[in-house]
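J.: Sharing a structure below in structure tokens format, with a few things to ask.
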Amino acid sequence: MATNGTVKCPSYMKATSNGVFQGDNPLDYALPLAIFQICLVVALTRVLAYLLKPLRQPRVIAEIIGGVLLGPSALGRNHKYLNAIFPPKSLTVLDTLANLGLLFFLFLVGLELDLKSLKRTGKKAAAIALAGISLPFALGIGTSFVLRATVSKGVSEGPFLVFMGVALSITAFPVLARILAELKLLTTDVGRMAMSAAAVNDVAAWILLALAIALSGTGRSPLISLWVLLCGSGFVLLCSLVAPPIFKWMARRCPQGEPVNEMYVCATLAAVLAAGFVTDMIGIHALFGAFVIGVLVPKEGNFSGALVEKVEDLVSGLFLPLYFVSSGLKTDVATIKGVQSWGLLALVIFNACFGKIVGTVVVSLACKLPFTEAVTLGFLMNTKGLVELIVLNIGKDRGVLNDQTFAIMVLMALFTTFITTPIVISVYKPAKMSKSEYKHRKIQRKDPSAQLRMLTCFYGTRNIPSLINLIEASRGTDKKGVRVYAMHLMELTERTSAICMVHKARKNGLPLWNKGLEANANQIVVAFETFQQLSKVTIRPTTAISGLSTMHEDIVEGAHRKRVAMIILPFHKHQRIDGHMETTRAEFRSVNRRVLQHAPCSVGILVDRGLGGTSHVSASNVDYTLTVLFFGGHDDREALSYGSRMAEHPGINLVVVRFLLDPKVASNSITVDIDDSSRPEARSDDEECIAEFKEKVSKENGGIKYEEQTISNADEAIELIRSHSRCNMFVVGRIPEGALVSALSKKNECPELGPVGNLLISADFSTPASVLVVQQYRSQLSLDSLNSLKEDDSTDYYESD
């Protein structure tokens with residue numbers, strides 16, 4: 001139809017420029033402008049994420065705020081900026097890149113949603129999820145009537161009702177996992193319940209969103225919506241029949257530990273794009289096809305992990321933030337004007353929070369959860385995130401939501417997610433175990449027959465054989481009970497695959513035989529299960545999911561909760577083939593130092609040089625020689641006590657070497673910087689410990705050898721230690737006491753190991769023996785011990801000023 005008005009279309013944009021020297025402005029061309037937009041978005045969102053980190057907010061908050069700031073609500077109020085950086089002619093390219101990134105991100109979300117674990121969801125979690133959907137959905141419908149009568153006049157009633165209901169009833173599964181991990185709640189009862197309920201909620205939200213999109217079509221006949229739903233259901237059914245056998249065949253041809261064939265990865269990614277094309281053609285949305293393909297890829301084995309590794313960094317790091325900017329460019333907070341608009345914003349926020357929190361709390365109390373946990377669960381389920389923005393953007397693009405309603409809903413999502421962390425921190429404080437119940441905090445104790453509890457930590461499979469062999473050596477006699485908690489330390493990163501840790505966290509602390517049915521069981525679990533069946537040791541696997549900066553809190557809290565006497569930590573270096581020590585990951589060093597500072601019990605750092613070889617040595621085949629180097633002090637007494645316990649194993653030969661300083665040298669030595677008031681008491685404690693040990697030696701039948709050596713200087717001490725270098729493991733105290741030790745090592749590469757430990761790992765000291773450096777628990781560590789654990793400390797902490 002002809003009109004009198006003139007429609008001005010945006011000018012055509014070429015892909016690349018000829019450069020500034022040819023007189024071209026790069027920002028007038030599609031590719032350089034897109035590159036500049038991506039760099040700007042990534043820089044701003046990363047800075048905001050860093051600023052919000054002290055508030056423990058998930059990165060999605062920074063990305064939503066960044067998008068709003070770049071849009072017309074803040075910086076975009078300057079039209080010169082908006083037309084230069086985000087001109088209308090560039091929005092098609094920006095939206096295409098953003099939706100392409102979203103497509104593959106939804107594929108990753110599908111990869112992380114395990115339908116098998118969803119089937120095992122308990123009745124409580126299902127009931128909580130149902131209540132968390134039903135009440136807010138009903139309130140969303142009620143809110144839609146108010147909005148249609150005020151700021152959303154003229155919109156289609158049916159689609160608007162459904163979109164509002166879905167928007168208020170969503171719980172963001174990925175964002176919730178991140179918040180729980182940040183708050184150390186992922187492995188708690190509340191965390192497991194929240195994740196189970198959120199997974200059910202997530203699936204229900206996708207179904208409701210598909211319904212909302214189908215209803216929002218602009219077709220002339222109502223039958224079109226029915227056709228969209230039927231075709232969408234047929235697509236899901238067809239994929240469910242055809243895709244799993246193909247993906248399982250691919251997964252079988254990708255064995256663990258071998259690189260995945262590139263053809264399989266490309267075929268899967270092409271299938272994601274093809275599925276997106278089909279669902280877009282049907283009229284649902286391209287992201288549904290990608291999500292369905294992700295759900296159908298088998299979760300076990302190497303294949304799914306390789307897909308995540310190939311896709312996620314580029315998608316979540318670069319392209320996904322563009323989607324938040326695309327949303328921010330559509331969000332104009334200035335459209336919310338006057339008392340009525342701000343009142344509607346308050347109404348939407350109230351209904352969203354009231355529906356989620358009250359619905360969840362009521363059903364949780366009916367399921368006999370404590371009131372505090374029920375309230376915490378309510379606020380956790382109120383978390384919004386990316387799915388919320390997807391719903392709102394689709395509604396905006398389909399004309400269901402106008403500018404003002406869209407801005408109100410974006411602010412609601414931002415507010416409800418932002419308040420989750422501070423409220424949960426203030427409401428839910430897991431009860432700490434009283435200190436009076438925690439008696440045995442060290443190996444050296446009055447009742448040596450009491451059960452020994454240990455917490456052994458590991459990052460991967462590298463040191464598992466040595467760790468198991470150390471546990472075998474530590475079990476002593478069969479009459480003494482040993483309980484070991486094997487804590488898998490998993491780093492929580494900004495990568496989306498971190499959410500896969502949730503499934504492992506669900507089995508946290510359960511007996512190994514209760515781990516559920518899995519086609520390819522975890523290698524680590526298999527190793528510990530086999531050892532448990534062959535020995536008298538009870539082992540419980542636990543999981544710590546945390547960033548490296550706070551991982552020590554998980555270890556310390558786990559030790560306190562399990563009331564262990566000893567924490568075993570892996571050293572941050574491993575031995576190369578040529579015998580030299582090579583750093584595995586330098587960040588682990590800081591974790592070890594913080595644990596040494598804050599541990600509620602004794603701590604041992606294991607420098608692994610292959611104790612017992614590369615496989616578990618059965619009890620009947622154990623034949624180790626352990627050497628304890630005793631100079632004196634708390635840590636050396638603990639090392640001696642630990643060595644004495646290991647000597648009870650029939651396959652362990654223990655050699656204890658006590659170093660005594662020649663009296664003639666001692667009378668002429670310079671006083672070292674040690675608290676003199678404590679030394680007489682320390683000497684008497686040393687003598688008492690040695691006397692008890694000698695008494696034990698007299699009762700043994702040759703399995704223990706004790707020798708005292710009087711030496712004049714550090715060189716003699718080093719030569720004496722070198723003469724015992726052919727043993728299987730050295731057990732030494734971290735901070736020995738005495739004038740001899742102060743001269744033993746002036747330069748210490750790793751102060752957390754102490755002078756003797758540093759000597760044993762130095763390149764000048766050749767030995768095949770592993771080293772266990774022990775720190776005994778004290779309510780207050782000595783000044784020397786604390787100074788050696790300072791983060792900026794590198795050398796010379798024994799050298800007097």
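Following the order of the structure tokens, first chain is A, next is B, and so on, with residues numbered from 1 inside each chain and ligands from 1 in the order they appear.
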Neighbouring residues of His574 (chain A) were defined as those with any atom within 7 Å, considering only C-alpha atoms; residues of the same chain fewer than 2 positions away were excluded. Please report them as a PDB file with C-alpha atoms, in the first residue's frame.
T.:
```pdb
ATOM      1  CA  HIS A 572      52.457 -28.387  44.215  1.00  0.00           C
ATOM      2  CA  ARG A 576      60.217 -35.356  36.337  1.00  0.00           C
ATOM      3  CA  MET A 581      60.950 -31.233  40.756  1.00  0.00           C
ATOM      4  CA  GLU A 582      58.634 -29.449  38.336  1.00  0.00           C
ATOM      5  CA  THR A 583      55.736 -27.184  39.283  1.00  0.00           C
ATOM      6  CA  THR A 584      52.347 -28.699  38.464  1.00  0.00           C
ATOM      7  CA  ASP A 608      55.400 -37.667  45.877  1.00  0.00           C
TER       8      ASP A 608
END
```
J.: Go through A:Ala374, A:Met263, A:Ile735, A:Val42 and flag the residue nearest Asp784 (chain A), using only C-alpha atoms for the distances.
T.: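 Selected residue with least distance to Asp784 (chain A): A:Ile735.
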J.: Can you pull out every residue within 6 Å of Ile545 (chain A), counting only C-alpha atoms, but drop anything in the same chain fewer than 3 positions away, and send it as a PDB file with C-alpha atoms, in the first residue's frame?
T.:
```pdb
ATOM      1  CA  MET A 490      37.822 -29.424  42.089  1.00  0.00           C
ATOM      2  CA  GLU A 491      38.494 -25.873  40.995  1.00  0.00           C
ATOM      3  CA  LEU A 492      35.428 -23.754  40.355  1.00  0.00           C
TER       4      LEU A 492
END
```
J.: Set the distance at 9 Å and use only C-alpha atoms: which residues neighbour His724 (chain A) once local chain neighbours fewer than 3 positions away are removed? I'd like the list as a PDB file with N, CA and C atoms, in the first residue's frame.
T.:
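Generated output (result-v2.pdb):
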```
ATOM      1  N   THR A 627      62.073 -43.360  57.127  1.00  0.00           N
ATOM      2  CA  THR A 627      63.087 -42.716  57.962  1.00  0.00           C
ATOM      3  C   THR A 627      62.511 -41.448  58.565  1.00  0.00           C
ATOM      4  N   VAL A 655      63.130 -46.391  60.594  1.00  0.00           N
ATOM      5  CA  VAL A 655      64.420 -45.948  61.106  1.00  0.00           C
ATOM      6  C   VAL A 655      64.250 -44.534  61.641  1.00  0.00           C
ATOM      7  N   LEU A 720      74.849 -37.148  57.117  1.00  0.00           N
ATOM      8  CA  LEU A 720      74.148 -38.216  57.821  1.00  0.00           C
ATOM      9  C   LEU A 720      72.789 -38.480  57.173  1.00  0.00           C
ATOM     10  N   ILE A 721      72.077 -37.411  56.800  1.00  0.00           N
ATOM     11  CA  ILE A 721      70.781 -37.578  56.125  1.00  0.00           C
ATOM     12  C   ILE A 721      70.985 -38.263  54.779  1.00  0.00           C
ATOM     13  N   CYS A 727      65.968 -44.871  51.399  1.00  0.00           N
ATOM     14  CA  CYS A 727      64.704 -45.341  51.966  1.00  0.00           C
ATOM     15  C   CYS A 727      63.556 -45.044  51.006  1.00  0.00           C
TER      16      CYS A 727
END
```
J.: Write out as JSON, numbers by chain the set of residues from region 301-347 of chain A that DSSP, computed on the backbone, places in alpha helix (DSSP H).
T.: {"A": [302, 303, 304, 305, 306, 307, 308, 309, 310, 311, 312, 313, 314, 320, 321, 322, 323, 324, 325, 326, 327, 328, 329, 330, 338, 339, 340, 341, 342, 343, 344, 345, 346, 347]}
J.: Quick one: everything within 7 Å of region 57-66 of chain A, counting only C-alpha atoms, minus sequence neighbours fewer than 4 positions away in the same chain. Send it as a VMD selection string.
T.: chain A and resid 44 to 45 48 to 49 52 to 53 70 175 178 to 179 321 324 385 414 418 421
J.: Would you mind exporting the chosen residues as a PDB file, in the first residue's frame, restricted to C-alpha atoms?
T.:
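Resulting contents of again34.pdb:
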```
ATOM      1  CA  LEU A  44      33.361  -3.823  30.645  1.00  0.00           C
ATOM      2  CA  THR A  45      31.747  -7.051  31.866  1.00  0.00           C
ATOM      3  CA  LEU A  48      32.204  -5.239  36.572  1.00  0.00           C
ATOM      4  CA  ALA A  49      32.615  -8.913  37.509  1.00  0.00           C
ATOM      5  CA  LEU A  52      31.232  -7.368  42.200  1.00  0.00           C
ATOM      6  CA  LYS A  53      33.441 -10.263  43.282  1.00  0.00           C
ATOM      7  CA  LEU A  70      25.990   0.251  27.291  1.00  0.00           C
ATOM      8  CA  VAL A 175      23.331 -19.326  38.003  1.00  0.00           C
ATOM      9  CA  ARG A 178      27.411 -20.806  40.733  1.00  0.00           C
ATOM     10  CA  ILE A 179      25.880 -19.078  43.771  1.00  0.00           C
ATOM     11  CA  PRO A 321      28.148 -11.389  26.641  1.00  0.00           C
ATOM     12  CA  PHE A 324      23.384  -9.362  27.313  1.00  0.00           C
ATOM     13  CA  GLY A 385      19.444 -15.550  34.934  1.00  0.00           C
ATOM     14  CA  LEU A 414      18.451  -8.230  38.071  1.00  0.00           C
ATOM     15  CA  PHE A 418      21.302  -9.709  43.177  1.00  0.00           C
ATOM     16  CA  THR A 421      23.601 -14.046  47.901  1.00  0.00           C
TER      17      THR A 421
END
```
J.: Taking 6 positions as the minimum chain separation for residues in the same chain, which residues sit within 12 Å of Ser723 (chain A) when counting only C-alpha atoms? Answer as a list of chain:residue names.
T.: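 That gives A:Thr627, A:Val657, A:Glu716, A:Ala717, A:Phe765, A:Ser766, A:Thr767.
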J.: If we count only C-alpha atoms, what is near Arg148 (chain A) at a cut-off of 12 Å, once residues fewer than 4 positions away on the same chain are taken out, given as a list in words?
T.: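 Here the answer would be Ile141, Gly142, Thr143, Ser144, Ser152, Lys153, Gly154, Val155, Ser156, Glu157, Gly158, Pro159, Phe160, Leu161, Met164, Leu344, Val400, Leu401, Asn402, Gln404 and Thr405 of chain A.
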J.: What does the file look like for those residues with N, CA, C and O atoms, as a short mmCIF file (atom, residue, chain, number, x, y, z; two decimals), in the first residue's frame?
T.:
```cif
data_model
loop_
_atom_site.label_atom_id
_atom_site.label_comp_id
_atom_site.auth_asym_id
_atom_site.auth_seq_id
_atom_site.Cartn_x
_atom_site.Cartn_y
_atom_site.Cartn_z
N ILE A 141 0.30 -14.49 35.90
CA ILE A 141 -0.93 -14.28 35.13
C ILE A 141 -1.73 -13.12 35.73
O ILE A 141 -2.25 -12.26 35.01
N GLY A 142 -1.81 -13.09 37.08
CA GLY A 142 -2.52 -11.99 37.73
C GLY A 142 -1.86 -10.65 37.44
O GLY A 142 -2.54 -9.64 37.18
N THR A 143 -0.54 -10.63 37.47
CA THR A 143 0.20 -9.40 37.18
C THR A 143 -0.04 -8.93 35.74
O THR A 143 -0.09 -7.73 35.47
N SER A 144 -0.18 -9.90 34.82
CA SER A 144 -0.37 -9.53 33.42
C SER A 144 -1.66 -8.74 33.21
O SER A 144 -1.71 -7.85 32.35
N SER A 152 0.71 -1.93 29.11
CA SER A 152 0.79 -2.90 28.01
C SER A 152 -0.55 -3.05 27.29
O SER A 152 -0.99 -4.15 26.98
N LYS A 153 -1.18 -1.97 27.03
CA LYS A 153 -2.47 -2.00 26.36
C LYS A 153 -2.30 -2.46 24.91
O LYS A 153 -1.35 -2.09 24.23
N GLY A 154 -3.25 -3.28 24.47
CA GLY A 154 -3.27 -3.68 23.07
C GLY A 154 -2.49 -4.93 22.74
O GLY A 154 -2.54 -5.40 21.60
N VAL A 155 -1.74 -5.52 23.68
CA VAL A 155 -0.97 -6.73 23.37
C VAL A 155 -1.91 -7.93 23.36
O VAL A 155 -2.98 -7.92 23.97
N SER A 156 -1.49 -9.00 22.67
CA SER A 156 -2.30 -10.22 22.61
C SER A 156 -2.41 -10.83 24.01
O SER A 156 -1.40 -11.05 24.69
N GLU A 157 -3.64 -11.11 24.40
CA GLU A 157 -3.87 -11.55 25.78
C GLU A 157 -3.23 -12.90 26.09
O GLU A 157 -2.50 -13.05 27.07
N GLY A 158 -3.48 -13.91 25.25
CA GLY A 158 -2.99 -15.26 25.52
C GLY A 158 -1.48 -15.34 25.64
O GLY A 158 -0.94 -15.79 26.67
N PRO A 159 -0.74 -14.91 24.61
CA PRO A 159 0.72 -14.96 24.71
C PRO A 159 1.27 -14.14 25.88
O PRO A 159 2.22 -14.57 26.54
N PHE A 160 0.67 -12.99 26.14
CA PHE A 160 1.16 -12.13 27.23
C PHE A 160 1.01 -12.82 28.59
O PHE A 160 1.90 -12.77 29.44
N LEU A 161 -0.14 -13.51 28.79
CA LEU A 161 -0.36 -14.24 30.04
C LEU A 161 0.72 -15.29 30.25
O LEU A 161 1.29 -15.42 31.33
N MET A 164 4.31 -13.80 30.88
CA MET A 164 4.45 -13.28 32.23
C MET A 164 4.54 -14.40 33.25
O MET A 164 5.34 -14.34 34.20
N LEU A 344 4.36 -0.25 39.41
CA LEU A 344 4.25 -1.53 38.69
C LEU A 344 5.53 -2.35 38.82
O LEU A 344 5.49 -3.58 38.94
N VAL A 400 5.16 -9.08 22.08
CA VAL A 400 4.34 -9.38 23.25
C VAL A 400 4.66 -8.41 24.38
O VAL A 400 3.77 -8.04 25.17
N LEU A 401 5.92 -7.98 24.50
CA LEU A 401 6.34 -7.05 25.55
C LEU A 401 6.77 -5.74 24.90
O LEU A 401 7.61 -5.74 23.99
N ASN A 402 6.23 -4.64 25.37
CA ASN A 402 6.67 -3.34 24.87
C ASN A 402 7.90 -2.86 25.64
O ASN A 402 8.38 -3.54 26.56
N GLN A 404 8.49 -0.52 27.86
CA GLN A 404 8.37 -0.27 29.30
C GLN A 404 8.24 -1.57 30.08
O GLN A 404 8.90 -1.76 31.11
N THR A 405 7.42 -2.48 29.59
CA THR A 405 7.26 -3.78 30.26
C THR A 405 8.58 -4.55 30.24
O THR A 405 8.96 -5.19 31.23
#
```
J.: Here is a test: counting only C-alpha atoms, which residue of A:Gly610, A:Gly703, A:Gly643, A:Gly604 is nearest to Arg734 (chain A)?
T.: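 The answer is A:Gly604, which sits nearest to Arg734 (chain A).
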J.: Nearest residue to Asn653 (chain A) out of A:Asp764, A:Asp623, A:Asp332, A:Glu719, using only C-alpha atoms?
T.: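 Counting only C-alpha atoms, the residue closest to Asn653 (chain A) is A:Asp623.
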